[in-house]
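Presented below is the structure to which this report refers.
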Amino acid sequence: MTEHDSDCLFCGIVSGEIPADMVHEDDEVVAFRDIAPRAPTHVLVIPRRHIADAQALTHADAAVLARLFGVVRKVADEAGLDRGYRVVTNVGPESGQTVFHLHFHLLGGRPMAWPPG
Ligand code: 5GP
Ligand code: ZN
């Protein structure tokens, strides 16, 4: 199991080498504001451990997935997103994935169109 990929931007944020506007940190999960926000609230929720994307998840990751969504809910509650929000994870080049460390975009604070582009 790869814990840290020295070529990975988000592993750099987890380790503190790359600064980020943190909104949550615990032993398994980190959440920080997206550098190019697409909504009034745009937070990235990621595992500390390097996992490339949702395609790479296995049953062994069940616990960390539950933790990730627990942090999504906490950040949404703290941001007052009681009218709703969106959780997005891109997988692969056609989706627009640019950082290959699993992350859930938490977007809220404005009405969302459907389907996404
Ligand atoms: P993806 O395109 O892979 O789904 O999402 C990657 C996200 O990471 C993008 O929304 C992008 O704005 C964000 N991002 C890229 N580089 C940085 C950075 O250095 N710091 C932060 N906080 N966000 C970043
Ligand atoms: Zn990584």
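By order of appearance in the structure tokens: chains A, B, ..., then residues from 1 within every chain, and ligands from 1 in the order shown.
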
List all protein, DNA and RNA residues that have an atom no more than 9 Å from any atom of ligand 1, counting only C-alpha atoms and all ligand atoms, and report them as a JSON list (two decimals) with all heavy atoms, in the first residue's frame.
[["chain", "number", "residue", "atom", "x", "y", "z"],
["A", 9, "LEU", "N", 0.96, 16.10, -6.00],
["A", 9, "LEU", "CA", 0.64, 17.41, -5.42],
["A", 9, "LEU", "C", -0.10, 17.28, -4.09],
["A", 9, "LEU", "O", 0.24, 17.94, -3.10],
["A", 9, "LEU", "CB", -0.21, 18.20, -6.43],
["A", 9, "LEU", "CG", -0.77, 19.53, -5.98],
["A", 9, "LEU", "CD1", 0.35, 20.54, -5.77],
["A", 9, "LEU", "CD2", -1.77, 20.05, -7.02],
["A", 10, "PHE", "N", -1.13, 16.42, -4.05],
["A", 10, "PHE", "CA", -1.94, 16.34, -2.84],
["A", 10, "PHE", "C", -1.19, 15.61, -1.71],
["A", 10, "PHE", "O", -1.42, 15.93, -0.53],
["A", 10, "PHE", "CB", -3.30, 15.71, -3.12],
["A", 10, "PHE", "CG", -4.25, 16.63, -3.87],
["A", 10, "PHE", "CD1", -5.50, 16.17, -4.27],
["A", 10, "PHE", "CD2", -3.91, 17.95, -4.18],
["A", 10, "PHE", "CE1", -6.39, 17.01, -4.95],
["A", 10, "PHE", "CE2", -4.78, 18.79, -4.87],
["A", 10, "PHE", "CZ", -6.02, 18.31, -5.25],
["A", 13, "ILE", "N", 0.51, 18.36, -0.09],
["A", 13, "ILE", "CA", -0.37, 19.12, 0.82],
["A", 13, "ILE", "C", -0.56, 18.35, 2.12],
["A", 13, "ILE", "O", -0.50, 18.93, 3.22],
["A", 13, "ILE", "CB", -1.71, 19.44, 0.12],
["A", 13, "ILE", "CG1", -1.46, 20.52, -0.96],
["A", 13, "ILE", "CG2", -2.77, 19.89, 1.12],
["A", 13, "ILE", "CD1", -2.67, 20.89, -1.80],
["A", 18, "ILE", "N", 3.46, 21.58, 0.75],
["A", 18, "ILE", "CA", 2.76, 22.55, -0.10],
["A", 18, "ILE", "C", 1.64, 23.16, 0.75],
["A", 18, "ILE", "O", 0.83, 22.42, 1.32],
["A", 18, "ILE", "CB", 2.20, 21.87, -1.36],
["A", 18, "ILE", "CG1", 3.36, 21.35, -2.21],
["A", 18, "ILE", "CG2", 1.31, 22.81, -2.16],
["A", 18, "ILE", "CD1", 2.98, 20.39, -3.29],
["A", 19, "PRO", "N", 1.62, 24.49, 0.89],
["A", 19, "PRO", "CA", 0.61, 25.11, 1.75],
["A", 19, "PRO", "C", -0.80, 24.99, 1.16],
["A", 19, "PRO", "O", -0.97, 24.96, -0.07],
["A", 19, "PRO", "CB", 1.05, 26.58, 1.82],
["A", 19, "PRO", "CG", 2.05, 26.78, 0.75],
["A", 19, "PRO", "CD", 2.55, 25.45, 0.29],
["A", 20, "ALA", "N", -1.78, 24.91, 2.03],
["A", 20, "ALA", "CA", -3.18, 24.89, 1.60],
["A", 20, "ALA", "C", -4.02, 25.48, 2.72],
["A", 20, "ALA", "O", -3.61, 25.50, 3.89],
["A", 20, "ALA", "CB", -3.62, 23.46, 1.31],
["A", 21, "ASP", "N", -5.20, 25.96, 2.34],
["A", 21, "ASP", "CA", -6.14, 26.55, 3.30],
["A", 21, "ASP", "C", -6.97, 25.40, 3.88],
["A", 21, "ASP", "O", -8.01, 25.03, 3.36],
["A", 21, "ASP", "CB", -7.01, 27.58, 2.57],
["A", 21, "ASP", "CG", -7.93, 28.33, 3.50],
["A", 21, "ASP", "OD1", -7.95, 28.02, 4.71],
["A", 21, "ASP", "OD2", -8.65, 29.22, 3.01],
["A", 22, "MET", "N", -6.48, 24.83, 4.99],
["A", 22, "MET", "CA", -7.08, 23.63, 5.59],
["A", 22, "MET", "C", -8.39, 23.95, 6.28],
["A", 22, "MET", "O", -8.51, 24.94, 6.99],
["A", 22, "MET", "CB", -6.12, 23.06, 6.64],
["A", 22, "MET", "CG", -4.86, 22.47, 6.07],
["A", 22, "MET", "SD", -5.22, 20.96, 5.16],
["A", 22, "MET", "CE", -3.58, 20.62, 4.52],
["A", 32, "PHE", "N", -9.34, 20.79, 2.39],
["A", 32, "PHE", "CA", -8.77, 22.13, 2.18],
["A", 32, "PHE", "C", -9.51, 22.79, 1.03],
["A", 32, "PHE", "O", -10.14, 22.13, 0.18],
["A", 32, "PHE", "CB", -7.26, 22.03, 1.90],
["A", 32, "PHE", "CG", -6.89, 21.08, 0.79],
["A", 32, "PHE", "CD1", -6.79, 21.49, -0.52],
["A", 32, "PHE", "CD2", -6.67, 19.73, 1.08],
["A", 32, "PHE", "CE1", -6.46, 20.60, -1.53],
["A", 32, "PHE", "CE2", -6.34, 18.82, 0.07],
["A", 32, "PHE", "CZ", -6.23, 19.27, -1.24],
["A", 33, "ARG", "N", -9.41, 24.13, 0.98],
["A", 33, "ARG", "CA", -10.13, 24.89, -0.06],
["A", 33, "ARG", "C", -9.44, 24.74, -1.40],
["A", 33, "ARG", "O", -8.21, 24.80, -1.49],
["A", 33, "ARG", "CB", -10.23, 26.37, 0.34],
["A", 33, "ARG", "CG", -11.06, 26.54, 1.57],
["A", 33, "ARG", "CD", -11.49, 27.98, 1.86],
["A", 33, "ARG", "NE", -12.08, 28.00, 3.20],
["A", 33, "ARG", "CZ", -13.31, 27.56, 3.50],
["A", 33, "ARG", "NH1", -14.10, 27.12, 2.54],
["A", 33, "ARG", "NH2", -13.74, 27.58, 4.74],
["A", 34, "ASP", "N", -10.27, 24.55, -2.45],
["A", 34, "ASP", "CA", -9.74, 24.46, -3.81],
["A", 34, "ASP", "C", -9.10, 25.80, -4.18],
["A", 34, "ASP", "O", -9.63, 26.87, -3.89],
["A", 34, "ASP", "CB", -10.86, 24.11, -4.79],
["A", 34, "ASP", "CG", -10.34, 23.61, -6.12],
["A", 34, "ASP", "OD1", -9.75, 24.42, -6.88],
["A", 34, "ASP", "OD2", -10.50, 22.42, -6.42],
["A", 35, "ILE", "N", -7.96, 25.73, -4.86],
["A", 35, "ILE", "CA", -7.23, 26.95, -5.24],
["A", 35, "ILE", "C", -7.97, 27.75, -6.31],
["A", 35, "ILE", "O", -7.74, 28.96, -6.43],
["A", 35, "ILE", "CB", -5.80, 26.57, -5.71],
["A", 35, "ILE", "CG1", -4.85, 27.73, -5.55],
["A", 35, "ILE", "CG2", -5.80, 26.04, -7.13],
["A", 35, "ILE", "CD1", -3.38, 27.34, -5.68],
["A", 36, "ALA", "N", -8.86, 27.11, -7.04],
["A", 36, "ALA", "CA", -9.64, 27.78, -8.10],
["A", 36, "ALA", "C", -11.12, 27.46, -7.88],
["A", 36, "ALA", "O", -11.70, 26.65, -8.61],
["A", 36, "ALA", "CB", -9.17, 27.31, -9.47],
["A", 37, "PRO", "N", -11.74, 28.07, -6.87],
["A", 37, "PRO", "CA", -13.08, 27.66, -6.48],
["A", 37, "PRO", "C", -14.13, 27.87, -7.57],
["A", 37, "PRO", "O", -14.13, 28.90, -8.24],
["A", 37, "PRO", "CB", -13.38, 28.53, -5.25],
["A", 37, "PRO", "CG", -12.39, 29.63, -5.28],
["A", 37, "PRO", "CD", -11.20, 29.14, -6.01],
["A", 38, "ARG", "N", -15.00, 26.88, -7.72],
["A", 38, "ARG", "CA", -16.08, 26.92, -8.72],
["A", 38, "ARG", "C", -17.43, 27.19, -8.07],
["A", 38, "ARG", "O", -18.46, 27.14, -8.75],
["A", 38, "ARG", "CB", -16.14, 25.59, -9.47],
["A", 38, "ARG", "CG", -14.85, 25.20, -10.17],
["A", 38, "ARG", "CD", -14.40, 26.26, -11.18],
["A", 38, "ARG", "NE", -13.20, 25.84, -11.88],
["A", 38, "ARG", "CZ", -13.13, 25.72, -13.22],
["A", 38, "ARG", "NH1", -14.15, 26.02, -13.97],
["A", 38, "ARG", "NH2", -12.00, 25.33, -13.77],
["A", 42, "HIS", "N", -16.02, 25.53, -1.97],
["A", 42, "HIS", "CA", -15.41, 24.50, -2.83],
["A", 42, "HIS", "C", -14.23, 23.93, -2.05],
["A", 42, "HIS", "O", -13.15, 24.53, -2.00],
["A", 42, "HIS", "CB", -14.96, 25.08, -4.17],
["A", 42, "HIS", "CG", -14.49, 24.03, -5.14],
["A", 42, "HIS", "ND1", -14.15, 24.33, -6.46],
["A", 42, "HIS", "CD2", -14.29, 22.69, -5.01],
["A", 42, "HIS", "CE1", -13.78, 23.21, -7.08],
["A", 42, "HIS", "NE2", -13.84, 22.21, -6.22],
["A", 43, "VAL", "N", -14.49, 22.79, -1.44],
["A", 43, "VAL", "CA", -13.49, 22.14, -0.57],
["A", 43, "VAL", "C", -13.17, 20.78, -1.17],
["A", 43, "VAL", "O", -14.05, 20.08, -1.69],
["A", 43, "VAL", "CB", -14.06, 22.01, 0.87],
["A", 43, "VAL", "CG1", -13.18, 21.14, 1.74],
["A", 43, "VAL", "CG2", -14.23, 23.41, 1.49],
["A", 44, "LEU", "N", -11.91, 20.40, -1.09],
["A", 44, "LEU", "CA", -11.46, 19.08, -1.54],
["A", 44, "LEU", "C", -11.23, 18.21, -0.30],
["A", 44, "LEU", "O", -10.51, 18.62, 0.62],
["A", 44, "LEU", "CB", -10.16, 19.19, -2.35],
["A", 44, "LEU", "CG", -10.26, 20.10, -3.58],
["A", 44, "LEU", "CD1", -8.89, 20.29, -4.22],
["A", 44, "LEU", "CD2", -11.25, 19.55, -4.60],
["A", 88, "VAL", "N", -18.47, 15.58, -5.96],
["A", 88, "VAL", "CA", -18.03, 15.12, -7.27],
["A", 88, "VAL", "C", -16.64, 14.50, -7.14],
["A", 88, "VAL", "O", -15.78, 15.05, -6.44],
["A", 88, "VAL", "CB", -17.92, 16.30, -8.26],
["A", 88, "VAL", "CG1", -17.37, 15.85, -9.61],
["A", 88, "VAL", "CG2", -19.27, 16.99, -8.45],
["A", 89, "THR", "N", -16.44, 13.37, -7.82],
["A", 89, "THR", "CA", -15.08, 12.87, -7.98],
["A", 89, "THR", "C", -14.87, 12.52, -9.44],
["A", 89, "THR", "O", -15.68, 11.82, -10.05],
["A", 89, "THR", "CB", -14.79, 11.68, -7.03],
["A", 89, "THR", "OG1", -13.38, 11.42, -7.03],
["A", 89, "THR", "CG2", -15.53, 10.41, -7.41],
["A", 90, "ASN", "N", -13.84, 13.07, -10.04],
["A", 90, "ASN", "CA", -13.51, 12.81, -11.43],
["A", 90, "ASN", "C", -12.59, 11.60, -11.52],
["A", 90, "ASN", "O", -11.70, 11.43, -10.68],
["A", 90, "ASN", "CB", -12.84, 14.03, -12.06],
["A", 90, "ASN", "CG", -13.80, 15.21, -12.18],
["A", 90, "ASN", "OD1", -14.95, 15.04, -12.57],
["A", 90, "ASN", "ND2", -13.33, 16.40, -11.84],
["A", 91, "VAL", "N", -12.81, 10.78, -12.54],
["A", 91, "VAL", "CA", -12.00, 9.57, -12.74],
["A", 91, "VAL", "C", -11.54, 9.54, -14.19],
["A", 91, "VAL", "O", -12.36, 9.36, -15.09],
["A", 91, "VAL", "CB", -12.80, 8.29, -12.41],
["A", 91, "VAL", "CG1", -11.92, 7.05, -12.59],
["A", 91, "VAL", "CG2", -13.36, 8.33, -10.99],
["A", 92, "GLY", "N", -10.26, 9.75, -14.39],
["A", 92, "GLY", "CA", -9.69, 9.60, -15.73],
["A", 92, "GLY", "C", -9.77, 10.86, -16.56],
["A", 92, "GLY", "O", -10.47, 11.82, -16.23],
["A", 95, "SER", "N", -13.03, 12.69, -17.80],
["A", 95, "SER", "CA", -13.83, 13.34, -16.75],
["A", 95, "SER", "C", -13.29, 14.71, -16.40],
["A", 95, "SER", "O", -13.97, 15.50, -15.74],
["A", 95, "SER", "CB", -13.81, 12.49, -15.49],
["A", 95, "SER", "OG", -12.53, 12.58, -14.87],
["A", 96, "GLY", "N", -12.03, 14.97, -16.78],
["A", 96, "GLY", "CA", -11.38, 16.21, -16.38],
["A", 96, "GLY", "C", -10.48, 16.06, -15.17],
["A", 96, "GLY", "O", -9.99, 17.06, -14.64],
["A", 97, "GLN", "N", -10.23, 14.81, -14.70],
["A", 97, "GLN", "CA", -9.33, 14.63, -13.55],
["A", 97, "GLN", "C", -7.94, 15.16, -13.88],
["A", 97, "GLN", "O", -7.39, 14.84, -14.94],
["A", 97, "GLN", "CB", -9.24, 13.14, -13.17],
["A", 97, "GLN", "CG", -8.42, 12.92, -11.90],
["A", 97, "GLN", "CD", -8.32, 11.44, -11.51],
["A", 97, "GLN", "OE1", -8.70, 10.56, -12.26],
["A", 97, "GLN", "NE2", -7.78, 11.19, -10.32],
["A", 98, "THR", "N", -7.41, 16.00, -12.99],
["A", 98, "THR", "CA", -6.09, 16.58, -13.21],
["A", 98, "THR", "C", -5.10, 16.21, -12.11],
["A", 98, "THR", "O", -3.89, 16.30, -12.32],
["A", 98, "THR", "CB", -6.17, 18.12, -13.30],
["A", 98, "THR", "OG1", -6.77, 18.62, -12.11],
["A", 98, "THR", "CG2", -6.98, 18.56, -14.51],
["A", 99, "VAL", "N", -5.61, 15.84, -10.94],
["A", 99, "VAL", "CA", -4.74, 15.44, -9.83],
["A", 99, "VAL", "C", -5.08, 13.99, -9.50],
["A", 99, "VAL", "O", -6.24, 13.67, -9.18],
["A", 99, "VAL", "CB", -4.92, 16.35, -8.60],
["A", 99, "VAL", "CG1", -4.03, 15.87, -7.46],
["A", 99, "VAL", "CG2", -4.62, 17.80, -8.94],
["A", 100, "PHE", "N", -4.08, 13.12, -9.56],
["A", 100, "PHE", "CA", -4.33, 11.69, -9.46],
["A", 100, "PHE", "C", -4.07, 11.17, -8.04],
["A", 100, "PHE", "O", -3.27, 10.27, -7.82],
["A", 100, "PHE", "CB", -3.55, 10.95, -10.57],
["A", 100, "PHE", "CG", -4.11, 11.33, -11.92],
["A", 100, "PHE", "CD1", -3.67, 12.46, -12.59],
["A", 100, "PHE", "CD2", -5.15, 10.60, -12.48],
["A", 100, "PHE", "CE1", -4.22, 12.85, -13.80],
["A", 100, "PHE", "CE2", -5.72, 10.98, -13.70],
["A", 100, "PHE", "CZ", -5.26, 12.11, -14.35],
["A", 101, "HIS", "N", -4.76, 11.84, -7.11],
["A", 101, "HIS", "CA", -4.86, 11.43, -5.70],
["A", 101, "HIS", "C", -6.34, 11.62, -5.38],
["A", 101, "HIS", "O", -6.87, 12.74, -5.53],
["A", 101, "HIS", "CB", -3.96, 12.33, -4.84],
["A", 101, "HIS", "CG", -3.98, 12.05, -3.37],
["A", 101, "HIS", "ND1", -2.81, 11.89, -2.63],
["A", 101, "HIS", "CD2", -5.00, 11.94, -2.48],
["A", 101, "HIS", "CE1", -3.12, 11.68, -1.36],
["A", 101, "HIS", "NE2", -4.45, 11.71, -1.25],
["A", 102, "LEU", "N", -7.00, 10.54, -4.99],
["A", 102, "LEU", "CA", -8.45, 10.57, -4.77],
["A", 102, "LEU", "C", -8.89, 11.83, -4.01],
["A", 102, "LEU", "O", -8.32, 12.16, -2.98],
["A", 102, "LEU", "CB", -8.86, 9.33, -3.96],
["A", 102, "LEU", "CG", -10.35, 9.21, -3.60],
["A", 102, "LEU", "CD1", -11.21, 9.01, -4.85],
["A", 102, "LEU", "CD2", -10.56, 8.07, -2.60],
["A", 103, "HIS", "N", -9.88, 12.51, -4.56],
["A", 103, "HIS", "CA", -10.42, 13.68, -3.87],
["A", 103, "HIS", "C", -11.89, 13.83, -4.21],
["A", 103, "HIS", "O", -12.30, 13.58, -5.34],
["A", 103, "HIS", "CB", -9.66, 14.96, -4.22],
["A", 103, "HIS", "CG", -9.49, 15.22, -5.69],
["A", 103, "HIS", "ND1", -8.56, 14.56, -6.46],
["A", 103, "HIS", "CD2", -10.15, 16.04, -6.53],
["A", 103, "HIS", "CE1", -8.64, 14.98, -7.71],
["A", 103, "HIS", "NE2", -9.61, 15.87, -7.78],
["A", 104, "PHE", "N", -12.65, 14.25, -3.21],
["A", 104, "PHE", "CA", -14.06, 14.56, -3.41],
["A", 104, "PHE", "C", -14.21, 16.07, -3.35],
["A", 104, "PHE", "O", -13.83, 16.70, -2.36],
["A", 104, "PHE", "CB", -14.92, 13.87, -2.35],
["A", 104, "PHE", "CG", -14.93, 12.37, -2.52],
["A", 104, "PHE", "CD1", -14.09, 11.57, -1.74],
["A", 104, "PHE", "CD2", -15.74, 11.76, -3.47],
["A", 104, "PHE", "CE1", -14.07, 10.19, -1.92],
["A", 104, "PHE", "CE2", -15.72, 10.38, -3.65],
["A", 104, "PHE", "CZ", -14.89, 9.59, -2.87],
["A", 105, "HIS", "N", -14.72, 16.63, -4.45],
["A", 105, "HIS", "CA", -15.06, 18.05, -4.48],
["A", 105, "HIS", "C", -16.38, 18.22, -3.73],
["A", 105, "HIS", "O", -17.37, 17.58, -4.07],
["A", 105, "HIS", "CB", -15.30, 18.53, -5.92],
["A", 105, "HIS", "CG", -14.12, 18.46, -6.83],
["A", 105, "HIS", "ND1", -13.37, 19.57, -7.19],
["A", 105, "HIS", "CD2", -13.58, 17.42, -7.50],
["A", 105, "HIS", "CE1", -12.43, 19.20, -8.04],
["A", 105, "HIS", "NE2", -12.53, 17.90, -8.25]]

Shell of 10 Å around Val71 of chain A, only C-alpha atoms, local chain residues under 3 positions omitted, as a ChimeraX atom specification: /A:23-26,29-31,45-46,65-68,74-77

Can you work out which residues are within 6 Å of ligand 2, considering only C-alpha atoms and all ligand atoms, and then hand them over as a list of chain:residue names?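 Selection of residues at most 6 Å from ligand 2: A:His4, A:Asp5, A:Cys8, A:Phe10, A:Cys11, A:His50, A:His101.
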
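Every residue of chain A with a DSSP assignment of strand (DSSP E), taken from the backbone, is listed as Met22, Val23, His24, Glu25, Val29, Val30, Ala31, Phe32, Arg33, Thr41, His42, Val43, Leu44, Val45, Ile46, Pro47, Tyr85, Arg86, Val87, Val88, Phe104, His105, Leu106, Leu107 and Gly108 of chain A.
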
Mind checking DSSP for chain A and telling me the helix (DSSP H, G or I) residues as a tab-separated table (two decimals) with C-alpha atoms, in the first residue's frame?
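selection_6.tsv written:
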chain	number	residue	atom	x	y	z
A	9	LEU	CA	0.64	17.41	-5.42
A	10	PHE	CA	-1.94	16.34	-2.84
A	11	CYS	CA	0.58	14.12	-0.99
A	12	GLY	CA	2.61	17.34	-0.76
A	13	ILE	CA	-0.37	19.12	0.82
A	14	VAL	CA	-0.93	16.19	3.24
A	15	SER	CA	2.71	16.35	4.36
A	54	ALA	CA	-12.16	6.05	-7.20
A	55	GLN	CA	-11.31	3.34	-9.75
A	56	ALA	CA	-8.50	2.15	-7.46
A	59	HIS	CA	-13.25	-3.26	-0.07
A	60	ALA	CA	-10.21	-2.63	2.12
A	61	ASP	CA	-10.90	1.11	1.72
A	62	ALA	CA	-14.44	0.92	3.13
A	63	ALA	CA	-13.47	2.51	6.44
A	64	VAL	CA	-11.61	5.45	4.92
A	65	LEU	CA	-14.49	6.07	2.51
A	66	ALA	CA	-16.88	6.32	5.43
A	67	ARG	CA	-14.47	8.72	7.13
A	68	LEU	CA	-14.21	10.84	3.95
A	69	PHE	CA	-17.99	11.20	3.74
A	70	GLY	CA	-18.16	11.97	7.43
A	71	VAL	CA	-15.83	14.90	6.80
A	72	VAL	CA	-17.91	15.96	3.76
A	73	ARG	CA	-20.96	16.15	6.05
A	74	LYS	CA	-19.06	18.04	8.78
A	75	VAL	CA	-17.65	20.62	6.35
A	76	ALA	CA	-21.10	21.07	4.74
A	77	ASP	CA	-22.67	21.55	8.18
A	78	GLU	CA	-20.01	24.08	9.21
A	93	PRO	CA	-8.86	12.09	-18.47
A	94	GLU	CA	-12.30	12.32	-20.10
A	95	SER	CA	-13.83	13.34	-16.75

If we count only C-alpha atoms, what is near Asp27 of chain A at a cut-off of 10 Å, once residues fewer than 6 positions away on the same chain are taken out, given as JSON, numbers by chain? {"A": [47, 48, 49]}

So how far away is atom CA of Gly117 of chain A from atom CA of Thr41 of chain A, in Å? 19.0 Å

Applying 12 Å and only C-alpha atoms, which residues near Met112 of chain A remain after dropping the ones on its own chain fewer than 3 positions away? List them as a list of chain:residue names.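 The residues satisfying every condition are A:Arg38, A:Ala39, A:Pro40, A:Arg83, A:Gly84, A:Tyr85, A:Arg86, A:Val87, A:Leu107, A:Gly108, A:Gly109, A:Pro115, A:Pro116, A:Gly117.
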
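For the atom pair formed by atom CA of Glu3 of chain A and atom CA of Thr58 of chain A, the distance is 15.4 Å, given to one decimal.
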